[in-house]
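target.txt follows; it contains compact mmCIF, C-alpha atoms and all ligand atoms.
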# COMPACT_ATOMS: atom_id res chain seq x y z
CA MET R 1 -143.05 -84.09 -176.49
CA THR R 2 -141.82 -86.46 -173.80
CA PHE R 3 -144.03 -88.73 -171.73
CA ARG R 4 -145.64 -86.98 -168.76
CA PHE R 5 -148.83 -87.28 -166.68
CA GLU R 6 -150.58 -84.25 -165.22
CA LEU R 7 -153.02 -84.88 -162.39
CA LEU R 8 -155.62 -82.14 -162.77
CA GLN R 9 -158.08 -83.20 -160.09
CA GLY R 10 -158.31 -85.96 -157.49
CA SER R 11 -155.94 -88.06 -155.40
CA ALA R 12 -154.49 -91.58 -155.20
CA THR R 13 -157.69 -93.49 -154.49
CA GLY R 14 -160.74 -91.54 -155.68
CA PRO R 15 -161.95 -90.45 -159.13
CA ARG R 16 -159.39 -88.35 -160.99
CA LEU R 17 -159.06 -86.05 -163.99
CA GLY R 18 -155.74 -85.91 -165.79
CA ARG R 19 -153.84 -85.31 -168.98
CA LEU R 20 -151.35 -87.80 -170.38
CA HIS R 21 -148.70 -86.31 -172.70
CA THR R 22 -146.94 -88.59 -175.19
CA PRO R 23 -144.73 -88.10 -178.29
CA HIS R 24 -147.87 -88.65 -180.40
CA GLY R 25 -150.13 -86.20 -178.58
CA SER R 26 -152.11 -85.85 -175.39
CA VAL R 27 -154.95 -87.87 -173.88
CA SER R 28 -157.64 -86.60 -171.50
CA THR R 29 -158.13 -89.12 -168.69
CA PRO R 30 -160.00 -91.16 -167.60
CA ALA R 31 -159.84 -92.63 -171.12
CA PHE R 32 -160.73 -95.83 -172.94
CA MET R 33 -158.31 -97.33 -175.49
CA PRO R 34 -159.92 -99.37 -178.30
CA VAL R 35 -158.11 -102.65 -178.92
CA ALA R 36 -156.50 -103.50 -182.26
CA THR R 37 -155.03 -106.80 -181.09
CA ARG R 38 -153.41 -107.77 -184.40
CA GLY R 39 -152.93 -104.21 -185.62
CA MET R 40 -156.50 -103.71 -186.80
CA LEU R 41 -159.82 -102.88 -185.24
CA ARG R 42 -162.44 -105.44 -186.15
CA GLY R 43 -164.74 -103.96 -188.75
CA ILE R 44 -164.15 -100.24 -188.01
CA LEU R 45 -162.19 -97.83 -190.21
CA PRO R 46 -159.26 -96.10 -188.47
CA ASP R 47 -160.53 -92.68 -189.60
CA ARG R 48 -163.63 -93.18 -187.41
CA MET R 49 -161.52 -93.06 -184.22
CA ARG R 50 -160.98 -89.28 -183.93
CA PRO R 51 -164.64 -88.35 -184.63
CA MET R 52 -165.68 -90.85 -181.93
CA GLY R 53 -163.39 -89.09 -179.44
CA VAL R 54 -160.71 -91.80 -179.25
CA GLU R 55 -157.31 -90.36 -178.25
CA MET R 56 -155.21 -93.49 -177.63
CA MET R 57 -155.21 -97.03 -179.00
CA LEU R 58 -153.85 -100.40 -177.94
CA SER R 59 -152.25 -103.25 -179.82
CA ASN R 60 -150.65 -106.51 -178.75
CA ALA R 61 -146.91 -107.12 -179.01
CA PHE R 62 -147.11 -110.93 -178.90
CA HIS R 63 -149.65 -111.11 -181.73
CA LEU R 64 -147.71 -108.62 -183.89
CA TYR R 65 -144.51 -110.58 -183.19
CA ALA R 66 -146.31 -113.71 -184.42
CA ARG R 67 -147.72 -111.97 -187.52
CA PRO R 68 -146.57 -110.03 -189.46
CA GLY R 69 -143.37 -109.87 -187.34
CA VAL R 70 -141.49 -106.90 -185.94
CA GLU R 71 -139.39 -106.27 -189.07
CA ILE R 72 -142.48 -106.04 -191.28
CA VAL R 73 -144.20 -103.72 -188.79
CA ARG R 74 -141.09 -101.50 -188.83
CA GLU R 75 -141.21 -101.38 -192.63
CA LEU R 76 -144.87 -100.39 -192.39
CA GLY R 77 -143.96 -97.42 -190.18
CA GLY R 78 -144.06 -99.04 -186.77
CA VAL R 79 -147.23 -99.79 -184.89
CA HIS R 80 -148.60 -96.33 -185.76
CA GLY R 81 -148.22 -97.06 -189.46
CA MET R 82 -149.74 -100.50 -189.06
CA LEU R 83 -152.78 -99.04 -187.28
CA ALA R 84 -153.02 -96.04 -189.64
CA TRP R 85 -153.25 -93.96 -186.46
CA ASP R 86 -151.05 -90.98 -185.63
CA GLY R 87 -152.11 -90.69 -181.97
CA PRO R 88 -150.64 -92.41 -178.91
CA VAL R 89 -150.43 -96.22 -178.90
CA LEU R 90 -149.82 -98.63 -176.03
CA THR R 91 -148.62 -102.16 -176.71
CA ASP R 92 -149.42 -104.93 -174.29
CA SER R 93 -146.58 -107.35 -173.67
CA GLY R 94 -148.78 -110.34 -174.35
CA GLY R 95 -148.68 -111.68 -170.81
CA PHE R 96 -152.44 -112.02 -170.58
CA GLN R 97 -152.74 -113.53 -174.09
CA VAL R 98 -149.90 -115.96 -173.48
CA PHE R 99 -151.52 -117.20 -170.29
CA SER R 100 -154.95 -117.35 -171.87
CA LEU R 101 -153.34 -119.67 -174.46
CA GLY R 102 -152.77 -122.06 -171.57
CA ALA R 103 -149.12 -121.35 -170.85
CA LEU R 104 -149.33 -121.11 -167.06
CA GLY R 105 -147.95 -124.61 -166.63
CA LYS R 106 -144.94 -123.72 -168.79
CA VAL R 107 -143.68 -120.69 -166.87
CA ARG R 108 -139.97 -120.96 -166.24
CA GLU R 109 -137.60 -118.73 -164.41
CA ASP R 110 -136.48 -117.02 -167.61
CA GLY R 111 -139.78 -116.78 -169.48
CA VAL R 112 -142.81 -118.65 -170.67
CA GLN R 113 -143.13 -121.29 -173.38
CA VAL R 114 -146.12 -120.82 -175.61
CA GLU R 115 -147.26 -122.26 -178.91
CA HIS R 116 -146.73 -119.95 -181.87
CA PRO R 117 -150.29 -118.88 -182.74
CA VAL R 118 -149.59 -118.79 -186.50
CA TYR R 119 -146.90 -121.33 -187.37
CA GLY R 120 -147.13 -123.82 -184.48
CA GLY R 121 -144.00 -124.94 -182.64
CA MET R 122 -142.97 -123.35 -179.35
CA VAL R 123 -141.87 -119.78 -178.68
CA ASP R 124 -139.79 -118.81 -175.64
CA TRP R 125 -141.55 -115.57 -174.77
CA THR R 126 -139.11 -113.97 -172.34
CA PRO R 127 -138.97 -110.56 -170.66
CA GLN R 128 -136.08 -109.71 -173.01
CA LEU R 129 -138.05 -110.72 -176.12
CA ALA R 130 -141.14 -108.83 -174.93
CA PHE R 131 -138.96 -105.75 -174.40
CA GLU R 132 -137.14 -106.01 -177.76
CA THR R 133 -140.39 -106.63 -179.62
CA GLN R 134 -142.03 -103.55 -178.15
CA ALA R 135 -138.93 -101.40 -178.74
CA GLY R 136 -139.13 -102.48 -182.40
CA LEU R 137 -142.85 -101.77 -182.66
CA ALA R 138 -142.13 -98.25 -181.30
CA ALA R 139 -145.34 -97.70 -179.36
CA ASP R 140 -145.56 -94.72 -177.01
CA VAL R 141 -146.06 -97.03 -174.04
CA ALA R 142 -144.62 -100.54 -173.62
CA MET R 143 -145.87 -102.94 -170.96
CA VAL R 144 -143.61 -105.30 -169.03
CA LEU R 145 -144.17 -109.04 -169.39
CA ASP R 146 -145.85 -110.33 -166.23
CA VAL R 147 -147.27 -113.60 -164.90
CA CYS R 148 -151.06 -113.61 -164.92
CA PRO R 149 -152.73 -116.59 -163.21
CA ASP R 150 -156.47 -117.27 -163.46
CA GLN R 151 -158.52 -116.22 -160.45
CA PRO R 152 -159.46 -117.08 -157.83
CA THR R 153 -156.13 -118.77 -157.15
CA ASP R 154 -154.66 -119.63 -153.78
CA ALA R 155 -152.15 -117.32 -152.14
CA ALA R 156 -149.13 -119.56 -152.81
CA VAL R 157 -149.70 -119.53 -156.60
CA CYS R 158 -150.29 -115.77 -156.50
CA GLN R 159 -147.19 -115.21 -154.37
CA ALA R 160 -145.06 -117.11 -156.91
CA ALA R 161 -146.63 -115.10 -159.76
CA VAL R 162 -145.86 -111.83 -157.95
CA GLU R 163 -142.24 -112.84 -157.32
CA ARG R 164 -141.69 -113.80 -160.95
CA THR R 165 -143.53 -110.69 -162.17
CA LEU R 166 -141.20 -108.53 -160.05
CA ALA R 167 -138.04 -110.35 -161.20
CA TRP R 168 -139.07 -109.91 -164.85
CA ALA R 169 -140.05 -106.27 -164.21
CA ARG R 170 -136.53 -105.61 -162.90
CA ILE R 171 -134.96 -107.13 -166.04
CA GLN R 172 -137.16 -105.05 -168.34
CA ARG R 173 -136.73 -101.86 -166.32
CA ASP R 174 -132.93 -102.25 -166.61
CA LEU R 175 -133.17 -102.91 -170.36
CA HIS R 176 -135.29 -99.78 -170.70
CA ASP R 177 -132.46 -97.72 -169.17
CA GLN R 178 -129.60 -99.54 -170.94
CA ARG R 179 -131.19 -99.13 -174.38
CA GLY R 180 -132.14 -95.49 -173.86
CA ALA R 181 -135.80 -96.28 -174.60
CA ALA R 182 -137.02 -93.09 -172.92
CA ALA R 183 -134.83 -91.01 -175.24
CA CYS R 184 -136.46 -92.85 -178.18
CA GLY R 185 -139.85 -91.69 -176.90
CA GLN R 186 -141.05 -94.91 -175.29
CA ALA R 187 -142.49 -95.04 -171.78
CA GLN R 188 -142.68 -98.27 -169.76
CA PHE R 189 -145.39 -99.39 -167.32
CA GLY R 190 -145.05 -101.97 -164.54
CA ILE R 191 -147.97 -104.33 -163.80
CA VAL R 192 -149.36 -105.00 -160.33
CA GLN R 193 -150.32 -108.64 -159.80
CA GLY R 194 -151.47 -110.39 -156.62
CA GLY R 195 -154.94 -111.61 -157.50
CA VAL R 196 -157.56 -111.18 -154.80
CA HIS R 197 -154.95 -111.05 -152.03
CA ALA R 198 -154.62 -107.53 -150.61
CA GLU R 199 -151.20 -108.07 -149.03
CA LEU R 200 -149.75 -109.43 -152.30
CA ARG R 201 -151.17 -106.49 -154.27
CA GLU R 202 -149.55 -104.12 -151.76
CA GLN R 203 -146.20 -105.95 -151.88
CA CYS R 204 -146.18 -105.97 -155.69
CA ALA R 205 -147.23 -102.31 -156.05
CA LYS R 206 -144.63 -101.06 -153.57
CA ALA R 207 -141.80 -103.05 -155.19
CA LEU R 208 -142.73 -101.75 -158.66
CA VAL R 209 -142.89 -98.15 -157.41
CA GLU R 210 -139.34 -98.54 -156.09
CA MET R 211 -138.26 -99.45 -159.63
CA GLN R 212 -139.67 -96.09 -160.83
CA PHE R 213 -141.77 -96.94 -163.87
CA ASP R 214 -143.41 -94.22 -166.00
CA GLY R 215 -146.85 -95.55 -165.08
CA TYR R 216 -148.51 -98.53 -163.44
CA ALA R 217 -151.05 -101.05 -164.61
CA ILE R 218 -153.36 -103.14 -162.49
CA GLY R 219 -153.31 -106.60 -164.03
CA GLY R 220 -154.68 -110.00 -163.23
CA VAL R 221 -158.24 -108.68 -163.07
CA SER R 222 -161.30 -109.66 -165.10
CA VAL R 223 -160.03 -113.26 -165.17
CA GLY R 224 -162.98 -114.93 -163.51
CA GLU R 225 -162.96 -113.37 -160.04
CA GLY R 226 -166.27 -111.46 -160.37
CA HIS R 227 -167.06 -107.74 -160.26
CA GLN R 228 -166.69 -107.08 -156.53
CA ALA R 229 -163.44 -109.05 -156.17
CA MET R 230 -162.09 -107.21 -159.21
CA MET R 231 -162.89 -103.85 -157.64
CA ASP R 232 -161.33 -104.97 -154.35
CA GLY R 233 -158.17 -105.82 -156.33
CA VAL R 234 -158.21 -102.33 -157.85
CA GLU R 235 -158.55 -100.75 -154.40
CA HIS R 236 -155.77 -102.89 -152.97
CA SER R 237 -153.48 -101.78 -155.81
CA ALA R 238 -154.37 -98.12 -156.43
CA GLY R 239 -153.80 -97.02 -152.83
CA HIS R 240 -150.13 -98.02 -153.04
CA LEU R 241 -149.41 -96.26 -156.36
CA PRO R 242 -148.15 -92.66 -156.61
CA ALA R 243 -151.05 -90.20 -156.93
CA ASP R 244 -149.25 -88.18 -159.60
CA GLN R 245 -148.59 -91.08 -161.99
CA VAL R 246 -150.93 -92.67 -164.50
CA ARG R 247 -152.76 -95.94 -163.67
CA TYR R 248 -154.18 -98.35 -166.20
CA LEU R 249 -156.68 -101.13 -165.47
CA MET R 250 -156.00 -103.87 -168.01
CA GLY R 251 -158.70 -105.61 -170.01
CA VAL R 252 -161.68 -103.91 -168.38
CA GLY R 253 -164.43 -102.28 -170.35
CA THR R 254 -168.06 -102.91 -169.39
CA PRO R 255 -169.90 -99.70 -168.48
CA LEU R 256 -170.17 -100.79 -164.83
CA ASP R 257 -166.50 -101.82 -164.54
CA LEU R 258 -165.37 -98.58 -166.20
CA ILE R 259 -167.27 -96.24 -163.91
CA GLU R 260 -166.41 -98.28 -160.81
CA GLY R 261 -162.74 -98.32 -161.87
CA VAL R 262 -162.80 -94.55 -162.28
CA ALA R 263 -164.37 -94.25 -158.82
CA ARG R 264 -161.30 -96.07 -157.43
CA GLY R 265 -158.66 -93.94 -159.12
CA VAL R 266 -158.05 -95.54 -162.55
CA ASP R 267 -157.02 -93.32 -165.51
CA LEU R 268 -156.76 -95.71 -168.50
CA PHE R 269 -158.76 -98.73 -169.65
CA ASP R 270 -158.83 -101.09 -172.62
CA CYS R 271 -161.09 -103.96 -173.58
CA VAL R 272 -162.38 -105.89 -176.58
CA PHE R 273 -165.80 -105.91 -174.89
CA PRO R 274 -167.55 -103.16 -176.97
CA THR R 275 -166.65 -104.70 -180.34
CA ARG R 276 -167.03 -108.31 -179.18
CA ALA R 277 -170.50 -107.54 -177.79
CA GLY R 278 -171.28 -105.87 -181.14
CA ARG R 279 -170.34 -109.00 -183.06
CA PHE R 280 -172.62 -110.99 -180.76
CA ALA R 281 -175.62 -108.71 -181.47
CA THR R 282 -175.56 -106.95 -178.11
CA ALA R 283 -175.88 -103.16 -178.13
CA LEU R 284 -174.95 -100.95 -175.16
CA THR R 285 -177.28 -98.13 -174.14
CA ASP R 286 -178.00 -96.01 -171.07
CA HIS R 287 -180.96 -98.33 -170.47
CA GLY R 288 -178.78 -101.44 -170.40
CA ARG R 289 -177.96 -104.06 -173.01
CA LEU R 290 -180.16 -104.66 -176.06
CA HIS R 291 -180.03 -108.27 -177.24
CA LEU R 292 -180.93 -107.73 -180.86
CA LEU R 293 -181.62 -111.39 -181.60
CA ASN R 294 -184.58 -111.20 -179.21
CA ALA R 295 -187.88 -111.77 -181.05
CA ARG R 296 -189.31 -108.50 -179.72
CA PHE R 297 -187.08 -106.60 -182.19
CA LYS R 298 -188.40 -108.53 -185.22
CA SER R 299 -190.45 -105.69 -186.68
CA ASP R 300 -188.96 -102.83 -184.65
CA ARG R 301 -188.52 -99.82 -186.97
CA SER R 302 -186.59 -97.65 -184.50
CA PRO R 303 -182.87 -97.03 -184.86
CA LEU R 304 -180.40 -99.05 -182.77
CA ASP R 305 -180.33 -96.39 -180.03
CA PRO R 306 -182.63 -93.39 -180.62
CA GLU R 307 -180.57 -91.32 -178.13
CA CYS R 308 -177.26 -91.91 -179.96
CA PRO R 309 -175.74 -89.67 -182.66
CA CYS R 310 -173.23 -92.27 -183.95
CA SER R 311 -173.03 -93.11 -187.65
CA ALA R 312 -174.57 -96.56 -187.08
CA CYS R 313 -177.62 -95.13 -185.33
CA LEU R 314 -177.94 -92.37 -187.96
CA SER R 315 -177.58 -94.89 -190.81
CA GLY R 316 -181.33 -95.52 -190.87
CA VAL R 317 -180.96 -99.30 -190.53
CA PRO R 318 -183.79 -100.28 -188.12
CA ARG R 319 -183.43 -102.78 -185.27
CA GLY R 320 -185.59 -105.32 -187.11
CA ALA R 321 -183.28 -105.22 -190.15
CA LEU R 322 -180.21 -105.60 -187.93
CA ARG R 323 -181.82 -108.64 -186.31
CA ALA R 324 -182.60 -110.21 -189.69
CA GLY R 325 -179.07 -109.40 -190.91
CA PHE R 326 -177.47 -111.03 -187.86
CA LYS R 327 -179.57 -114.14 -188.44
CA ALA R 328 -178.50 -114.21 -192.11
CA LYS R 329 -174.84 -113.74 -191.08
CA GLU R 330 -174.55 -110.51 -193.09
CA LEU R 331 -171.34 -108.46 -192.63
CA LEU R 332 -172.97 -105.13 -191.89
CA PRO R 333 -174.85 -105.71 -188.60
CA PRO R 334 -171.74 -106.69 -186.55
CA ILE R 335 -169.93 -103.65 -187.96
CA LEU R 336 -172.79 -101.25 -187.18
CA VAL R 337 -173.29 -102.52 -183.62
CA SER R 338 -169.49 -102.49 -183.01
CA ILE R 339 -169.35 -98.85 -184.16
CA HIS R 340 -172.27 -97.97 -181.90
CA ASN R 341 -170.82 -99.79 -178.87
CA LEU R 342 -167.38 -98.21 -179.22
CA HIS R 343 -169.02 -94.80 -179.65
CA TYR R 344 -171.09 -95.46 -176.53
CA ILE R 345 -168.08 -96.50 -174.40
CA VAL R 346 -165.81 -93.66 -175.59
CA GLY R 347 -168.73 -91.26 -175.12
CA LEU R 348 -169.29 -92.63 -171.61
CA MET R 349 -165.69 -91.77 -170.73
CA ALA R 350 -166.25 -88.20 -172.00
CA ARG R 351 -169.43 -87.96 -169.89
CA ILE R 352 -167.50 -89.26 -166.88
CA ARG R 353 -164.82 -86.57 -167.37
CA ASP R 354 -167.49 -83.87 -167.73
CA ALA R 355 -169.30 -85.15 -164.63
CA LEU R 356 -166.06 -85.10 -162.61
CA ALA R 357 -165.35 -81.53 -163.73
CA GLU R 358 -168.89 -80.45 -162.85
CA GLY R 359 -169.14 -82.38 -159.56
CA SER R 360 -171.95 -84.63 -160.84
CA PHE R 361 -170.13 -87.99 -160.92
CA ASP R 362 -172.34 -89.75 -158.37
CA PRO R 363 -175.66 -89.42 -160.27
CA LEU R 364 -173.99 -90.75 -163.44
CA ARG R 365 -172.49 -93.62 -161.44
CA GLU R 366 -175.94 -94.50 -160.05
CA ARG R 367 -177.44 -94.42 -163.54
CA ILE R 368 -174.83 -96.83 -164.92
CA ARG R 369 -175.10 -99.09 -161.87
CA SER R 370 -178.84 -99.45 -162.33
CA ALA R 371 -178.57 -100.03 -166.12
CA TYR R 372 -175.71 -102.57 -165.76
CA PRO R 373 -176.19 -104.64 -162.59
CA PRO R 374 -173.10 -106.78 -161.88
CA THR R 375 -174.94 -110.12 -162.04
CA LEU R 376 -175.60 -109.90 -165.80
CA GLY R 377 -173.34 -111.58 -168.34
CA LEU R 378 -172.78 -110.43 -171.92
ZN ZN R 401 -175.13 -95.32 -181.88
Can I see the file as structure tokens?
Amino acid sequence: MTFRFELLQGSATGPRLGRLHTPHGSVSTPAFMPVATRGMLRGILPDRMRPMGVEMMLSNAFHLYARPGVEIVRELGGVHGMLAWDGPVLTDSGGFQVFSLGALGKVREDGVQVEHPVYGGMVDWTPQLAFETQAGLAADVAMVLDVCPDQPTDAAVCQAAVERTLAWARIQRDLHDQRGAAACGQAQFGIVQGGVHAELREQCAKALVEMQFDGYAIGGVSVGEGHQAMMDGVEHSAGHLPADQVRYLMGVGTPLDLIEGVARGVDLFDCVFPTRAGRFATALTDHGRLHLLNARFKSDRSPLDPECPCSACLSGVPRGALRAGFKAKELLPPILVSIHNLHYIVGLMARIRDALAEGSFDPLRERIRSAYPPTLGL
């Protein structure tokens, strides 16, 4: 099966229902992709993904390049073999990770210099290397390498980032054609940058659309700009992308950000948030976040979330025991709360799709907005 997106309901800027077809199967959208940054989910068995409703996963090209290396991943059966997952996989180019490692000052015309996260020394992470790495990993979707400044940043810095992002996108788009990547079953997404500046988002989106990518990501969000500015950035990008192609909002995954992203026309999401929150003893529920280290849970005999049918909530381990286990640094509590949180987020996406099909999206949106007000942190 070749890569194809079917828009089933909706338009360019409002909530949409779709179906993404890839060589490793189809994905109902809007969808959330769990993140296996280094080729593994933290603390969750791969065979739990399908029962949870996961249809697509994400891994990171830069981290897999650093360890175990592309050749080893190929020997393990590509990124699908590494993840022990036969469904669709998207690999991020590592742009966000490279810049979060403090590389913004070392961006050059031909790439970015970053410290090797395993062996030390410097790596020239270039558009060509990001492309070759992802071709070797053989994911269903490869992302272009982009320039991702922290926000809020002034317009001149953002303008320079957009120009470099577009120049690198052109290089990678040409490589994609020259190497026959599409015939090998790999799709390629461009990434819209431009920060909080509407005119830069528009300029970047339009230039990428002219290059004719298989899909488009909205990047440079969730980097310190706040919820409303993030959603403005989504609006300023989505309206300039083709309605009949898939859109992916990178690194976004709180319940509020997911449902507000859907409301603005986003089809795909990924984030470490559900599992990271789980490791920090925070459980996600329809009534908001539960901070399990809070003393009020000390002798609480109820399950993590009495409304949830996930294996962690059905395990019989009460909230009070989870709290004690977190305090004692036991292995099991972070795993159980990560399982629950991922189940909750993937289940929320299924509820969103059902609500869109039934015309009841707005009440669900209101419920999530009241349970997860934007002023709260983790
Ligand atoms: Zn649960």
> Excluding same-chain residues fewer than 4 positions from Met1 (chain R), what lies within 8 Å of it counting all atoms listed in the file, as a list in words?
Replying inline: His21, Thr22, Pro23, His24 and Gly25 of chain R
>> As an exercise, work out the distance from CA of Asn294 (chain R) to CA of Gly320 (chain R) in Å and give it to one decimal place.
In response: 9.9 Å
>> For a quick check of understanding, using only C-alpha atoms, which of R:Gln172, R:Thr2, R:Ser11, R:Gln97 has the smallest distance to Asp267 (chain R)?
In response: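 Counting only C-alpha atoms, the residue closest to Asp267 (chain R) is R:Ser11.
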> Which neighbours of Ile44 (chain R) fall inside 9 Å, counting only C-alpha atoms, when residues of the same chain fewer than 6 positions from it are skipped, and could you give them as an MDAnalysis selection string?
Replying inline: chainID R and resid 335:336 338:339
> Could you name the residues that touch Pro334 (chain R) at 9 Å or less, counting only C-alpha atoms, but leaving out those on the same chain fewer than 5 positions away, as a PyMOL selection string?
Replying inline: chain R and resi 43+275-281+322+325-326+329+339
>> Considering all atoms listed in the file, can you say which of R:Gly288, R:Gly261, R:Gly87, R:Pro363 comes closest to Thr13 (chain R)?
In response: R:Gly261
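In terms of minimum interatomic distance to Ser311 (chain R), R:Arg48 ranks closest within R:Gly226, R:Asp257, R:Arg48, R:Gly39, counting all atoms listed in the file.
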>> Neighbouring residues of ligand ZN 401 (chain R) are defined here as those with any atom at most 9 Å from a ligand atom, counting only C-alpha atoms and all ligand atoms; list them as a list in words.
In response: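 Counting only what the definition allows, namely only C-alpha atoms and all ligand atoms, the set is Ala283, Leu284, Thr285, Pro303, Leu304, Asp305, Pro306, Glu307, Cys308, Pro309, Cys310, Ser311, Ala312, Cys313, Leu314, Leu336, Val337, Ile339, His340, Asn341, Leu342, His343 and Tyr344 of chain R.
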> Is there a way to get, as a list in words, all residues within 12 Å of the point (-132.1, -106.5, -173.8) in file coordinates, counting all atoms listed in the file?
Replying inline: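 Residues with an atom close enough to that point: Thr126, Pro127, Gln128, Leu129, Ala130, Phe131, Glu132, Thr133, Gln134, Ala135, Gly136, Trp168, Arg170, Ile171, Gln172, Arg173, Asp174, Leu175, His176, Asp177, Gln178, Arg179, Gly180 and Ala181 of chain R.
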Taking only C-alpha atoms into account, produce a table as JSON lines in which each residue of region 198-280 of chain R with an atom at most 12 Å from an atom of region 137-141 of chain R appears once, together with its shortest atom pair and the distance in Å to one decimal, ordered by chain and rising number.
{"residue": "R:Phe213", "atom": "CA", "partner": "R:Val141", "partner_atom": "CA", "distance": 11.0}
{"residue": "R:Asp214", "atom": "CA", "partner": "R:Val141", "partner_atom": "CA", "distance": 8.9}
{"residue": "R:Gly215", "atom": "CA", "partner": "R:Val141", "partner_atom": "CA", "distance": 9.1}
{"residue": "R:Tyr216", "atom": "CA", "partner": "R:Val141", "partner_atom": "CA", "distance": 11.0}
{"residue": "R:Ala217", "atom": "CA", "partner": "R:Val141", "partner_atom": "CA", "distance": 11.4}
{"residue": "R:Val246", "atom": "CA", "partner": "R:Val141", "partner_atom": "CA", "distance": 11.6}
{"residue": "R:Tyr248", "atom": "CA", "partner": "R:Val141", "partner_atom": "CA", "distance": 11.4}
> List as a PyMOL selection string: which residues have an atom within 6 Å of (-141.2, -90.5, -171.9), counting all atoms listed in the file?
Replying inline: chain R and resi 2-3+182+185-187
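From CA of Glu6 (chain R) back to CA of Val209 (chain R), the distance works out to 17.7 Å.
For the residues R:Lys298, R:Arg247, R:Lys206, R:His63, ranking by smallest atom-to-atom distance to Asp92 (chain R) using all atoms listed in the file places R:His63 first.
Picture a line from CA of Glu366 (chain R) to CA of Gly195 (chain R); it runs 27.2 Å.
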> Using all atoms listed in the file, which of R:Met230, R:Ala167, R:Gly265, R:Tyr372 sits nearest Leu290 (chain R)?
Replying inline: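 Among the listed residues, the smallest separation from Leu290 (chain R) belongs to R:Tyr372.
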> When distances are computed from all atoms listed in the file, which of R:Glu71, R:Arg38, R:Ile191, R:Gly14 shows the smallest separation from Phe96 (chain R)?
Replying inline: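 Under the stated criterion, the closest residue is R:Ile191.
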With N, CA and C atoms as the goal, would you fill in the gaps in region 221-236 of chain R and present it as a CSV table (one decimal), in the coordinates of the input?
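That gives us part_26.csv:
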chain,number,residue,atom,x,y,z
R,221,VAL,N,-156.8,-108.9,-163.4
R,221,VAL,CA,-158.2,-108.7,-163.1
R,221,VAL,C,-159.1,-109.1,-164.3
R,222,SER,N,-160.4,-109.2,-164.0
R,222,SER,CA,-161.3,-109.7,-165.1
R,222,SER,C,-160.9,-111.0,-165.7
R,223,VAL,N,-160.4,-111.9,-164.8
R,223,VAL,CA,-160.0,-113.3,-165.2
R,223,VAL,C,-160.8,-114.3,-164.4
R,224,GLY,N,-162.1,-114.0,-164.1
R,224,GLY,CA,-163.0,-114.9,-163.5
R,224,GLY,C,-163.3,-114.7,-162.0
R,225,GLU,N,-162.8,-113.6,-161.5
R,225,GLU,CA,-163.0,-113.4,-160.0
R,225,GLU,C,-164.3,-112.7,-159.7
R,226,GLY,N,-165.0,-112.1,-160.7
R,226,GLY,CA,-166.3,-111.5,-160.4
R,226,GLY,C,-166.1,-110.0,-160.1
R,227,HIS,N,-167.2,-109.2,-160.3
R,227,HIS,CA,-167.1,-107.7,-160.3
R,227,HIS,C,-166.5,-107.2,-158.9
R,228,GLN,N,-167.1,-107.7,-157.8
R,228,GLN,CA,-166.7,-107.1,-156.5
R,228,GLN,C,-165.2,-107.4,-156.2
R,229,ALA,N,-164.8,-108.7,-156.4
R,229,ALA,CA,-163.4,-109.0,-156.2
R,229,ALA,C,-162.5,-108.3,-157.1
R,230,MET,N,-162.9,-108.0,-158.3
R,230,MET,CA,-162.1,-107.2,-159.2
R,230,MET,C,-161.9,-105.8,-158.6
R,231,MET,N,-163.0,-105.2,-158.2
R,231,MET,CA,-162.9,-103.8,-157.6
R,231,MET,C,-162.1,-103.8,-156.3
R,232,ASP,N,-162.2,-104.9,-155.5
R,232,ASP,CA,-161.3,-105.0,-154.4
R,232,ASP,C,-159.9,-105.0,-154.8
R,233,GLY,N,-159.5,-105.8,-155.8
R,233,GLY,CA,-158.2,-105.8,-156.3
R,233,GLY,C,-157.7,-104.5,-156.8
R,234,VAL,N,-158.6,-103.7,-157.4
R,234,VAL,CA,-158.2,-102.3,-157.8
R,234,VAL,C,-157.9,-101.5,-156.6
R,235,GLU,N,-158.8,-101.5,-155.6
R,235,GLU,CA,-158.6,-100.8,-154.4
R,235,GLU,C,-157.2,-101.1,-153.7
R,236,HIS,N,-157.0,-102.4,-153.7
R,236,HIS,CA,-155.8,-102.9,-153.0
R,236,HIS,C,-154.5,-102.5,-153.7
